[in-house]
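> First the structure, which I've put down as structure tokens, then a few questions once you've had a look.
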Amino acid sequence: MAETNKGEKLIVNCIPVDEKDRQRFIEAAGDVPIEFCGDPKNYGDMKVKAQIPEELRAKATAVLGNFNPAIADQFTSLEWLQTWSAGVDAYIKPGVLPEGVTVTSATGAYGQSVSEHMIAMMWALMKNFTLYIRDQEAHEWKDEGTVLTPNGATALVIGTGDIGSHFARLAKGAGMHTVGVRRSADKPVDGIDEMHGFDELDTLLPQADVVALSLPRAADTHHLIDARRLAMLKKDAIVINGGRGDAVDDDALAEALNRKAIRGAGVDVFETEPLPASHPLWDAPRCIMTPHVAGGSHLASNDAHIVDIAVANVRRYAHGEPLQDNAHR
């Protein structure tokens with residue numbers, strides 16, 4: 001972070017807040033001036049871009065919120081960007097932000113909501129709810145056959161950060177054995193029974209009853225689950241993706257579902273969003289799709305977590321302390 005005199009700092013807060021949270025930000029900022037630009041009508045829409053008055057863009061040394069990356073070059077004094085999203089991909093691409101800008105995210109705010117969403121998808125697929133909903137719409141009284149139970153099953157949790165750890169704890173509560181995959185296999189994670197590295201993935205996939213992905217976007221996780229690895233899974237395996245869409249090859253997933261090579265899939269994130277209307281996943285059997293809504297502000301507590309994270313970092317920024325969850329450009 002660049003050295004700047006306290007009097008030259010300006011925090012522009014685009015997170016819509018009530019009066020109580022506004023005061024929390026003011027107290028955290030101390031002597032550092034803070035401008036509030038959040039529009040309350042956008043509260044709950046994590047896809048919206050922050051609207052920052054042009055006269056503040058060159059003056060802002062810190063921004064809380066997701067502004068349009070296309071105007072990033074206008075923030076010539078920027079030292080720090082705190083996003084309200086967990087993903088920061090659009091901002092850490094080379095050439096988007098000025099050199100030296102620190103980027104922090106809302107990682108940690110969405111673990112509960114995304115993991116609960118993933119667990120709900122898992123249960124629905126195990127209990128044939130996708131088939132019964134179809135039958136209900138067709139007014140058909142039909143027994144859709146045997147179901148699965150999580151009790152005694154193995155959940156392979158690929159990506160064991162905030163979301164993966166939450167998912168693992170929920171899965172364990174349902175009686176599952178949890179196997180984690182992460183880069184640092186020697187680091188324990190709450191909720192994970194045994195940890196492995198990515199180099200062991202091909203050995204672990206055939207043992208999994210549920211494959212739950214909550215990975216950040218990275219070059220080496222693009223299409224991590226592709227046609228080759230889908231073919232390694234049990235015929236009754238379920239794939240759940242709640243992390244980044246490009247971790248799973250959507251075309252290969254649709255093909256596996258149509259061949260009944262796996263039991264089902266729950267997908268909240270896609271490589272292309274919105275998913276094109278012509279994509280075969282729309283009509284694939286035993287597929288639950290939601291339009292990237294597992295996180296955001298769909299669970300009220302997420303907003304409170306985002307504010308807590310931002311307030312804590314504003315306090316650190318005002319006191320010249322290291323910021324939490326640095327996305328390291």
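Letters A, B, ... go to the chains of the structure tokens in the order shown; residues in each chain start at 1; ligands are counted from 1 in the same order.
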Ile262 of chain A: which residues within 10 Å, counting only C-alpha atoms, same-chain residues fewer than 3 positions away excluded, as an MDAnalysis selection string?
chainID A and resid 209 230:239 253 256:259 265 286
> Export all heavy atoms of the chosen residues as a compact mmCIF listing (two decimals), in the first residue's frame?

# COMPACT_ATOMS: atom_id res chain seq x y z
N ASP A 209 -19.03 -40.33 -3.02
CA ASP A 209 -20.47 -40.39 -3.27
C ASP A 209 -20.99 -39.01 -3.67
O ASP A 209 -21.93 -38.89 -4.45
CB ASP A 209 -21.20 -40.88 -2.02
CG ASP A 209 -20.79 -42.30 -1.66
OD1 ASP A 209 -21.11 -43.21 -2.43
OD2 ASP A 209 -20.13 -42.48 -0.61
N LEU A 230 -15.13 -37.00 -14.84
CA LEU A 230 -16.52 -37.41 -14.63
C LEU A 230 -16.66 -38.91 -14.86
O LEU A 230 -17.45 -39.59 -14.19
CB LEU A 230 -17.45 -36.63 -15.56
CG LEU A 230 -17.71 -35.18 -15.17
CD1 LEU A 230 -18.37 -34.43 -16.33
CD2 LEU A 230 -18.58 -35.09 -13.92
N ALA A 231 -15.89 -39.44 -15.79
CA ALA A 231 -15.94 -40.88 -16.09
C ALA A 231 -15.37 -41.72 -14.96
O ALA A 231 -15.62 -42.94 -14.90
CB ALA A 231 -15.18 -41.16 -17.38
N MET A 232 -14.64 -41.10 -14.04
CA MET A 232 -14.08 -41.83 -12.90
C MET A 232 -15.08 -42.02 -11.77
O MET A 232 -14.86 -42.84 -10.88
CB MET A 232 -12.86 -41.07 -12.34
CG MET A 232 -11.70 -40.93 -13.27
SD MET A 232 -10.39 -39.95 -12.49
CE MET A 232 -9.16 -39.98 -13.80
N LEU A 233 -16.17 -41.29 -11.81
CA LEU A 233 -17.11 -41.28 -10.69
C LEU A 233 -18.02 -42.51 -10.69
O LEU A 233 -18.28 -43.13 -11.73
CB LEU A 233 -17.97 -40.03 -10.74
CG LEU A 233 -17.25 -38.69 -10.58
CD1 LEU A 233 -18.22 -37.54 -10.76
CD2 LEU A 233 -16.56 -38.62 -9.22
N LYS A 234 -18.53 -42.83 -9.51
CA LYS A 234 -19.54 -43.87 -9.37
C LYS A 234 -20.79 -43.49 -10.16
O LYS A 234 -21.09 -42.31 -10.33
CB LYS A 234 -19.92 -44.05 -7.90
CG LYS A 234 -18.83 -44.48 -6.97
CD LYS A 234 -19.37 -44.51 -5.54
CE LYS A 234 -18.30 -44.91 -4.54
NZ LYS A 234 -18.83 -44.92 -3.14
N LYS A 235 -21.55 -44.49 -10.54
CA LYS A 235 -22.78 -44.22 -11.28
C LYS A 235 -23.80 -43.49 -10.41
O LYS A 235 -24.66 -42.75 -10.91
CB LYS A 235 -23.38 -45.52 -11.80
CG LYS A 235 -24.52 -45.30 -12.80
CD LYS A 235 -24.93 -46.58 -13.46
CE LYS A 235 -26.02 -46.31 -14.50
NZ LYS A 235 -26.45 -47.56 -15.19
N ASP A 236 -23.71 -43.66 -9.07
CA ASP A 236 -24.63 -42.98 -8.15
C ASP A 236 -24.03 -41.70 -7.57
O ASP A 236 -24.60 -41.14 -6.63
CB ASP A 236 -25.02 -43.92 -7.01
CG ASP A 236 -26.28 -44.71 -7.33
OD1 ASP A 236 -27.01 -44.31 -8.26
OD2 ASP A 236 -26.52 -45.74 -6.68
N ALA A 237 -22.92 -41.22 -8.11
CA ALA A 237 -22.28 -40.03 -7.57
C ALA A 237 -23.06 -38.77 -7.92
O ALA A 237 -23.74 -38.69 -8.95
CB ALA A 237 -20.86 -39.91 -8.10
N ILE A 238 -22.94 -37.79 -7.05
CA ILE A 238 -23.58 -36.48 -7.24
C ILE A 238 -22.49 -35.41 -7.25
O ILE A 238 -21.58 -35.42 -6.42
CB ILE A 238 -24.58 -36.20 -6.10
CG1 ILE A 238 -25.78 -37.14 -6.20
CG2 ILE A 238 -25.03 -34.74 -6.10
CD1 ILE A 238 -26.70 -37.10 -4.99
N VAL A 239 -22.57 -34.50 -8.21
CA VAL A 239 -21.63 -33.39 -8.32
C VAL A 239 -22.35 -32.09 -7.96
O VAL A 239 -23.42 -31.80 -8.50
CB VAL A 239 -21.06 -33.28 -9.76
CG1 VAL A 239 -20.17 -32.05 -9.89
CG2 VAL A 239 -20.28 -34.54 -10.11
N LEU A 253 -20.48 -32.19 -18.25
CA LEU A 253 -21.42 -32.54 -17.19
C LEU A 253 -22.79 -32.88 -17.78
O LEU A 253 -23.42 -33.88 -17.39
CB LEU A 253 -21.55 -31.39 -16.21
CG LEU A 253 -22.49 -31.61 -15.02
CD1 LEU A 253 -22.01 -32.78 -14.16
CD2 LEU A 253 -22.60 -30.34 -14.18
N ALA A 256 -22.63 -36.30 -19.34
CA ALA A 256 -22.61 -37.37 -18.34
C ALA A 256 -24.00 -37.60 -17.76
O ALA A 256 -24.41 -38.75 -17.53
CB ALA A 256 -21.62 -37.04 -17.24
N LEU A 257 -24.73 -36.53 -17.53
CA LEU A 257 -26.09 -36.65 -17.00
C LEU A 257 -27.01 -37.31 -18.03
O LEU A 257 -27.84 -38.17 -17.68
CB LEU A 257 -26.63 -35.28 -16.61
CG LEU A 257 -26.00 -34.65 -15.36
CD1 LEU A 257 -26.36 -33.17 -15.26
CD2 LEU A 257 -26.45 -35.38 -14.10
N ASN A 258 -26.89 -36.91 -19.26
CA ASN A 258 -27.74 -37.48 -20.31
C ASN A 258 -27.46 -38.96 -20.54
O ASN A 258 -28.36 -39.73 -20.90
CB ASN A 258 -27.58 -36.70 -21.61
CG ASN A 258 -28.36 -35.39 -21.59
OD1 ASN A 258 -29.53 -35.38 -21.20
ND2 ASN A 258 -27.74 -34.30 -22.01
N ARG A 259 -26.23 -39.38 -20.30
CA ARG A 259 -25.88 -40.80 -20.42
C ARG A 259 -26.18 -41.56 -19.14
O ARG A 259 -25.99 -42.78 -19.08
CB ARG A 259 -24.39 -40.95 -20.74
CG ARG A 259 -24.00 -40.57 -22.15
CD ARG A 259 -22.57 -41.02 -22.46
NE ARG A 259 -21.56 -40.39 -21.61
CZ ARG A 259 -20.93 -41.00 -20.61
NH1 ARG A 259 -21.21 -42.27 -20.31
NH2 ARG A 259 -20.02 -40.36 -19.89
N ALA A 265 -26.61 -33.72 -10.55
CA ALA A 265 -25.73 -32.57 -10.35
C ALA A 265 -26.54 -31.39 -9.85
O ALA A 265 -27.69 -31.17 -10.26
CB ALA A 265 -25.02 -32.20 -11.65
N ARG A 286 -32.07 -35.13 -13.78
CA ARG A 286 -31.51 -35.06 -12.43
C ARG A 286 -30.49 -33.94 -12.27
O ARG A 286 -29.43 -34.10 -11.66
CB ARG A 286 -30.87 -36.40 -12.04
CG ARG A 286 -31.86 -37.56 -11.92
CD ARG A 286 -31.14 -38.81 -11.46
NE ARG A 286 -31.99 -39.98 -11.44
CZ ARG A 286 -32.62 -40.44 -10.35
NH1 ARG A 286 -32.51 -39.79 -9.21
NH2 ARG A 286 -33.34 -41.53 -10.42
> Show which residues sit within 8 Å of Met121 of chain A, as a list of chain:residue names. Count only C-alpha atoms, and ignore same-chain residues fewer than 5 positions away.
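Skipping anything fewer than 5 positions along the chain leaves A:Ile240, A:Gly266, A:Ile288.
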> For segment 14-21 of chain A, please output as an MDAnalysis selection string all residues within 9 Å (counting only C-alpha atoms; exclusion window: fewer than 6 positions along the same chain).
chainID A and resid 35:43 50:52 63:67 84 306:307 311
> Could the residues in this selection be saved with N, CA, C and O atoms as a PDB file, in the first residue's frame?

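Below you can see part20.pdb, which holds the result:
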ATOM      1  N   GLU A  35     -16.889   9.064   2.624  1.00  0.00           N
ATOM      2  CA  GLU A  35     -18.082   9.468   1.864  1.00  0.00           C
ATOM      3  C   GLU A  35     -18.940   8.231   1.625  1.00  0.00           C
ATOM      4  O   GLU A  35     -18.434   7.165   1.280  1.00  0.00           O
ATOM      5  N   PHE A  36     -20.264   8.398   1.802  1.00  0.00           N
ATOM      6  CA  PHE A  36     -21.192   7.288   1.612  1.00  0.00           C
ATOM      7  C   PHE A  36     -21.945   7.473   0.300  1.00  0.00           C
ATOM      8  O   PHE A  36     -22.615   8.484   0.092  1.00  0.00           O
ATOM      9  N   CYS A  37     -21.824   6.466  -0.583  1.00  0.00           N
ATOM     10  CA  CYS A  37     -22.459   6.557  -1.898  1.00  0.00           C
ATOM     11  C   CYS A  37     -23.421   5.404  -2.168  1.00  0.00           C
ATOM     12  O   CYS A  37     -23.947   5.293  -3.277  1.00  0.00           O
ATOM     13  N   GLY A  38     -23.620   4.543  -1.191  1.00  0.00           N
ATOM     14  CA  GLY A  38     -24.474   3.383  -1.406  1.00  0.00           C
ATOM     15  C   GLY A  38     -25.928   3.762  -1.585  1.00  0.00           C
ATOM     16  O   GLY A  38     -26.459   4.600  -0.852  1.00  0.00           O
ATOM     17  N   ASP A  39     -26.567   3.150  -2.544  1.00  0.00           N
ATOM     18  CA  ASP A  39     -27.984   3.394  -2.821  1.00  0.00           C
ATOM     19  C   ASP A  39     -28.800   2.279  -2.168  1.00  0.00           C
ATOM     20  O   ASP A  39     -28.689   1.120  -2.571  1.00  0.00           O
ATOM     21  N   PRO A  40     -29.637   2.616  -1.162  1.00  0.00           N
ATOM     22  CA  PRO A  40     -30.391   1.570  -0.450  1.00  0.00           C
ATOM     23  C   PRO A  40     -31.240   0.692  -1.356  1.00  0.00           C
ATOM     24  O   PRO A  40     -31.468  -0.473  -1.045  1.00  0.00           O
ATOM     25  N   LYS A  41     -31.676   1.200  -2.480  1.00  0.00           N
ATOM     26  CA  LYS A  41     -32.526   0.382  -3.354  1.00  0.00           C
ATOM     27  C   LYS A  41     -31.747  -0.764  -3.997  1.00  0.00           C
ATOM     28  O   LYS A  41     -32.336  -1.709  -4.514  1.00  0.00           O
ATOM     29  N   ASN A  42     -30.422  -0.686  -3.959  1.00  0.00           N
ATOM     30  CA  ASN A  42     -29.598  -1.751  -4.515  1.00  0.00           C
ATOM     31  C   ASN A  42     -29.210  -2.794  -3.474  1.00  0.00           C
ATOM     32  O   ASN A  42     -28.516  -3.757  -3.789  1.00  0.00           O
ATOM     33  N   TYR A  43     -29.664  -2.579  -2.238  1.00  0.00           N
ATOM     34  CA  TYR A  43     -29.310  -3.517  -1.175  1.00  0.00           C
ATOM     35  C   TYR A  43     -29.859  -4.897  -1.512  1.00  0.00           C
ATOM     36  O   TYR A  43     -31.026  -5.043  -1.855  1.00  0.00           O
ATOM     37  N   ALA A  50     -21.066  -0.474  -8.059  1.00  0.00           N
ATOM     38  CA  ALA A  50     -21.115   0.723  -7.226  1.00  0.00           C
ATOM     39  C   ALA A  50     -21.092   1.976  -8.097  1.00  0.00           C
ATOM     40  O   ALA A  50     -20.328   2.055  -9.060  1.00  0.00           O
ATOM     41  N   GLN A  51     -21.932   2.922  -7.749  1.00  0.00           N
ATOM     42  CA  GLN A  51     -21.988   4.189  -8.469  1.00  0.00           C
ATOM     43  C   GLN A  51     -21.237   5.251  -7.658  1.00  0.00           C
ATOM     44  O   GLN A  51     -21.672   5.642  -6.580  1.00  0.00           O
ATOM     45  N   ILE A  52     -20.122   5.686  -8.185  1.00  0.00           N
ATOM     46  CA  ILE A  52     -19.273   6.646  -7.482  1.00  0.00           C
ATOM     47  C   ILE A  52     -19.230   7.944  -8.271  1.00  0.00           C
ATOM     48  O   ILE A  52     -18.889   7.941  -9.459  1.00  0.00           O
ATOM     49  N   VAL A  63     -11.894   2.367  -1.650  1.00  0.00           N
ATOM     50  CA  VAL A  63     -13.279   2.185  -2.108  1.00  0.00           C
ATOM     51  C   VAL A  63     -13.814   0.898  -1.520  1.00  0.00           C
ATOM     52  O   VAL A  63     -13.160  -0.150  -1.584  1.00  0.00           O
ATOM     53  N   LEU A  64     -15.014   0.971  -0.953  1.00  0.00           N
ATOM     54  CA  LEU A  64     -15.716  -0.205  -0.455  1.00  0.00           C
ATOM     55  C   LEU A  64     -16.868  -0.481  -1.399  1.00  0.00           C
ATOM     56  O   LEU A  64     -17.846   0.276  -1.435  1.00  0.00           O
ATOM     57  N   GLY A  65     -16.757  -1.539  -2.185  1.00  0.00           N
ATOM     58  CA  GLY A  65     -17.806  -1.853  -3.147  1.00  0.00           C
ATOM     59  C   GLY A  65     -17.220  -2.225  -4.489  1.00  0.00           C
ATOM     60  O   GLY A  65     -16.036  -2.007  -4.762  1.00  0.00           O
ATOM     61  N   ASN A  66     -18.063  -2.784  -5.344  1.00  0.00           N
ATOM     62  CA  ASN A  66     -17.637  -3.256  -6.665  1.00  0.00           C
ATOM     63  C   ASN A  66     -18.010  -2.237  -7.735  1.00  0.00           C
ATOM     64  O   ASN A  66     -19.147  -2.205  -8.187  1.00  0.00           O
ATOM     65  N   PHE A  67     -17.046  -1.409  -8.124  1.00  0.00           N
ATOM     66  CA  PHE A  67     -17.321  -0.486  -9.220  1.00  0.00           C
ATOM     67  C   PHE A  67     -17.016  -1.167 -10.549  1.00  0.00           C
ATOM     68  O   PHE A  67     -16.410  -2.235 -10.602  1.00  0.00           O
ATOM     69  N   TRP A  84     -17.510  -6.251  -2.148  1.00  0.00           N
ATOM     70  CA  TRP A  84     -18.558  -6.902  -1.355  1.00  0.00           C
ATOM     71  C   TRP A  84     -18.821  -8.310  -1.877  1.00  0.00           C
ATOM     72  O   TRP A  84     -19.677  -9.022  -1.370  1.00  0.00           O
ATOM     73  N   ILE A 306     -20.751  -9.012   5.588  1.00  0.00           N
ATOM     74  CA  ILE A 306     -20.018  -8.125   4.680  1.00  0.00           C
ATOM     75  C   ILE A 306     -19.661  -6.824   5.388  1.00  0.00           C
ATOM     76  O   ILE A 306     -18.525  -6.333   5.304  1.00  0.00           O
ATOM     77  N   VAL A 307     -20.629  -6.265   6.096  1.00  0.00           N
ATOM     78  CA  VAL A 307     -20.390  -5.014   6.832  1.00  0.00           C
ATOM     79  C   VAL A 307     -19.321  -5.227   7.897  1.00  0.00           C
ATOM     80  O   VAL A 307     -18.414  -4.397   8.061  1.00  0.00           O
ATOM     81  N   VAL A 311     -15.968  -3.066   7.983  1.00  0.00           N
ATOM     82  CA  VAL A 311     -15.694  -2.190   9.134  1.00  0.00           C
ATOM     83  C   VAL A 311     -14.337  -2.527   9.744  1.00  0.00           C
ATOM     84  O   VAL A 311     -13.543  -1.634  10.062  1.00  0.00           O
TER      85      VAL A 311
END
> At a cut-off of 6 Å, using only C-alpha atoms, what residues contact Val269 of chain A? Leave out same-chain residues fewer than 4 positions from it and give the result as a PyMOL selection string.
chain A and resi 244-245+292
> With all heavy atoms retained, write the just-selected residues as a PDB file, in the first residue's frame.

ATOM      1  N   ARG A 244     -16.660 -21.599  -8.375  1.00  0.00           N
ATOM      2  CA  ARG A 244     -16.528 -20.885  -9.630  1.00  0.00           C
ATOM      3  C   ARG A 244     -16.957 -21.791 -10.771  1.00  0.00           C
ATOM      4  O   ARG A 244     -16.622 -22.973 -10.814  1.00  0.00           O
ATOM      5  CB  ARG A 244     -15.073 -20.405  -9.828  1.00  0.00           C
ATOM      6  CG  ARG A 244     -14.694 -19.253  -8.907  1.00  0.00           C
ATOM      7  CD  ARG A 244     -15.453 -17.984  -9.269  1.00  0.00           C
ATOM      8  NE  ARG A 244     -15.235 -16.906  -8.302  1.00  0.00           N
ATOM      9  CZ  ARG A 244     -16.046 -16.624  -7.294  1.00  0.00           C
ATOM     10  NH1 ARG A 244     -17.126 -17.353  -7.088  1.00  0.00           N
ATOM     11  NH2 ARG A 244     -15.787 -15.618  -6.476  1.00  0.00           N
ATOM     12  N   GLY A 245     -17.689 -21.205 -11.720  1.00  0.00           N
ATOM     13  CA  GLY A 245     -18.311 -21.998 -12.768  1.00  0.00           C
ATOM     14  C   GLY A 245     -17.349 -22.750 -13.652  1.00  0.00           C
ATOM     15  O   GLY A 245     -17.659 -23.850 -14.125  1.00  0.00           O
ATOM     16  N   HIS A 292     -26.750 -18.581  -9.901  1.00  0.00           N
ATOM     17  CA  HIS A 292     -25.712 -17.933  -9.098  1.00  0.00           C
ATOM     18  C   HIS A 292     -26.331 -17.113  -7.962  1.00  0.00           C
ATOM     19  O   HIS A 292     -26.049 -15.925  -7.797  1.00  0.00           O
ATOM     20  CB  HIS A 292     -24.837 -17.032  -9.983  1.00  0.00           C
ATOM     21  CG  HIS A 292     -23.465 -16.820  -9.401  1.00  0.00           C
ATOM     22  ND1 HIS A 292     -22.353 -16.613 -10.182  1.00  0.00           N
ATOM     23  CD2 HIS A 292     -23.025 -16.775  -8.117  1.00  0.00           C
ATOM     24  CE1 HIS A 292     -21.283 -16.438  -9.406  1.00  0.00           C
ATOM     25  NE2 HIS A 292     -21.680 -16.530  -8.139  1.00  0.00           N
TER      26      HIS A 292
END
> Using only C-alpha atoms, determine which residues lie at most 10 Å from segment 54-60 of chain A, disregarding the query and same-chain residues fewer than 6 positions distant; provide the list as a PDB file with N, CA and C atoms, in the first residue's frame.

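Final output, result_21.pdb:
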ATOM      1  N   GLU A   8      -4.677  13.109   3.593  1.00  0.00           N
ATOM      2  CA  GLU A   8      -4.876  12.949   2.159  1.00  0.00           C
ATOM      3  C   GLU A   8      -5.742  11.742   1.825  1.00  0.00           C
ATOM      4  N   LYS A   9      -6.068  10.953   2.821  1.00  0.00           N
ATOM      5  CA  LYS A   9      -6.865   9.757   2.573  1.00  0.00           C
ATOM      6  C   LYS A   9      -8.347  10.109   2.423  1.00  0.00           C
ATOM      7  N   LEU A  10      -9.037   9.308   1.623  1.00  0.00           N
ATOM      8  CA  LEU A  10     -10.490   9.444   1.480  1.00  0.00           C
ATOM      9  C   LEU A  10     -11.070   8.063   1.210  1.00  0.00           C
ATOM     10  N   ILE A  11     -11.963   7.644   2.092  1.00  0.00           N
ATOM     11  CA  ILE A  11     -12.661   6.373   1.926  1.00  0.00           C
ATOM     12  C   ILE A  11     -14.014   6.643   1.280  1.00  0.00           C
ATOM     13  N   VAL A  12     -14.309   5.970   0.194  1.00  0.00           N
ATOM     14  CA  VAL A  12     -15.617   6.068  -0.449  1.00  0.00           C
ATOM     15  C   VAL A  12     -16.340   4.738  -0.226  1.00  0.00           C
ATOM     16  N   ASN A  13     -17.413   4.805   0.548  1.00  0.00           N
ATOM     17  CA  ASN A  13     -18.156   3.602   0.927  1.00  0.00           C
ATOM     18  C   ASN A  13     -19.425   3.489   0.089  1.00  0.00           C
ATOM     19  N   ILE A  34     -14.755   9.915   5.244  1.00  0.00           N
ATOM     20  CA  ILE A  34     -15.443   8.835   4.550  1.00  0.00           C
ATOM     21  C   ILE A  34     -16.711   9.375   3.896  1.00  0.00           C
ATOM     22  N   GLU A  35     -16.889   9.064   2.624  1.00  0.00           N
ATOM     23  CA  GLU A  35     -18.082   9.468   1.864  1.00  0.00           C
ATOM     24  C   GLU A  35     -18.940   8.231   1.625  1.00  0.00           C
ATOM     25  N   ILE A  71     -13.888   1.520 -15.508  1.00  0.00           N
ATOM     26  CA  ILE A  71     -13.520   2.889 -15.120  1.00  0.00           C
ATOM     27  C   ILE A  71     -12.397   2.903 -14.088  1.00  0.00           C
ATOM     28  N   ALA A  72     -11.738   1.772 -13.898  1.00  0.00           N
ATOM     29  CA  ALA A  72     -10.714   1.670 -12.856  1.00  0.00           C
ATOM     30  C   ALA A  72      -9.585   2.669 -13.049  1.00  0.00           C
ATOM     31  N   ASP A  73      -9.296   3.028 -14.300  1.00  0.00           N
ATOM     32  CA  ASP A  73      -8.180   3.953 -14.537  1.00  0.00           C
ATOM     33  C   ASP A  73      -8.472   5.364 -14.032  1.00  0.00           C
ATOM     34  N   GLN A  74      -9.734   5.631 -13.656  1.00  0.00           N
ATOM     35  CA  GLN A  74     -10.092   6.949 -13.129  1.00  0.00           C
ATOM     36  C   GLN A  74      -9.746   7.089 -11.641  1.00  0.00           C
ATOM     37  N   PHE A  75      -9.432   5.984 -10.994  1.00  0.00           N
ATOM     38  CA  PHE A  75      -9.123   6.010  -9.560  1.00  0.00           C
ATOM     39  C   PHE A  75      -7.614   6.124  -9.380  1.00  0.00           C
ATOM     40  N   THR A  76      -7.099   7.264  -9.708  1.00  0.00           N
ATOM     41  CA  THR A  76      -5.649   7.459  -9.778  1.00  0.00           C
ATOM     42  C   THR A  76      -4.970   7.518  -8.416  1.00  0.00           C
ATOM     43  N   SER A  77      -5.742   7.732  -7.344  1.00  0.00           N
ATOM     44  CA  SER A  77      -5.155   7.790  -6.002  1.00  0.00           C
ATOM     45  C   SER A  77      -5.434   6.530  -5.195  1.00  0.00           C
ATOM     46  N   LEU A  78      -6.047   5.539  -5.828  1.00  0.00           N
ATOM     47  CA  LEU A  78      -6.525   4.367  -5.096  1.00  0.00           C
ATOM     48  C   LEU A  78      -5.380   3.559  -4.490  1.00  0.00           C
ATOM     49  N   GLU A  79      -5.539   3.234  -3.203  1.00  0.00           N
ATOM     50  CA  GLU A  79      -4.604   2.372  -2.491  1.00  0.00           C
ATOM     51  C   GLU A  79      -5.233   1.019  -2.157  1.00  0.00           C
ATOM     52  N   TRP A  80      -6.555   1.051  -1.937  1.00  0.00           N
ATOM     53  CA  TRP A  80      -7.203  -0.155  -1.430  1.00  0.00           C
ATOM     54  C   TRP A  80      -8.629  -0.266  -1.982  1.00  0.00           C
ATOM     55  N   LEU A  81      -8.977  -1.466  -2.441  1.00  0.00           N
ATOM     56  CA  LEU A  81     -10.338  -1.781  -2.858  1.00  0.00           C
ATOM     57  C   LEU A  81     -10.852  -2.940  -2.023  1.00  0.00           C
TER      58      LEU A  81
END
> Nearest residue to Gly296 of chain A out of A:Ser214, A:Thr154, A:Gln136, A:Ser85, using only C-alpha atoms?
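Distance minimum relative to Gly296 of chain A lands on A:Ser85.
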> Which residues come within 12 Å of Ile225 of chain A, counting only C-alpha atoms, excluding same-chain residues fewer than 2 positions away, as a ChimeraX atom specification?
/A:158,198,201-202,205,211-213,215,220-223,227-233,239-241,244-253,256
> Enumerate as a ChimeraX atom specification all residues of segment 119-246 of chain A assigned to strand (DSSP E or B) by DSSP on the backbone, naming them with the chain letters and numbers the document uses.
/A:154-158,177-181,194-196,210-213,225,238-241
> Contacts of Asp186 of chain A at 9 Å or less, counting only C-alpha atoms, minus same-chain residues fewer than 5 places along, as a PyMOL selection string?
chain A and resi 195-197
> Record the distance separating atom CA of Gly145 of chain A and atom CA of Ile119 of chain A, expressed in Å with one decimal.
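About the pair atom CA of Gly145 of chain A and atom CA of Ile119 of chain A: they are 21.4 Å apart.
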> Give the helix (DSSP H, G or I) residues of segment 7-234 of chain A, as assigned by DSSP on the backbone, as a PyMOL selection string.
chain A and resi 7-8+19-29+40-42+54-57+69-74+89-92+111-126+129-137+162-173+198-207+219-221+227-230
> A:Leu170, A:Leu156, A:Ala284, A:Ala106: which is nearest Trp123 of chain A, counting only C-alpha atoms?
A:Leu170
> Rank A:Tyr110, A:Pro206, A:Leu281, A:Ala124 by their smallest atom-to-atom distance to Gly164 of chain A, using only C-alpha atoms, and report the top residue only.
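Of A:Tyr110, A:Pro206, A:Leu281, A:Ala124, the one nearest Gly164 of chain A, counting only C-alpha atoms, is A:Tyr110.
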> Could you check how far atom CA of Ala28 of chain A sits from atom CA of Leu299 of chain A, in Å to one decimal?
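Interatomic distance here is 25.4 Å.
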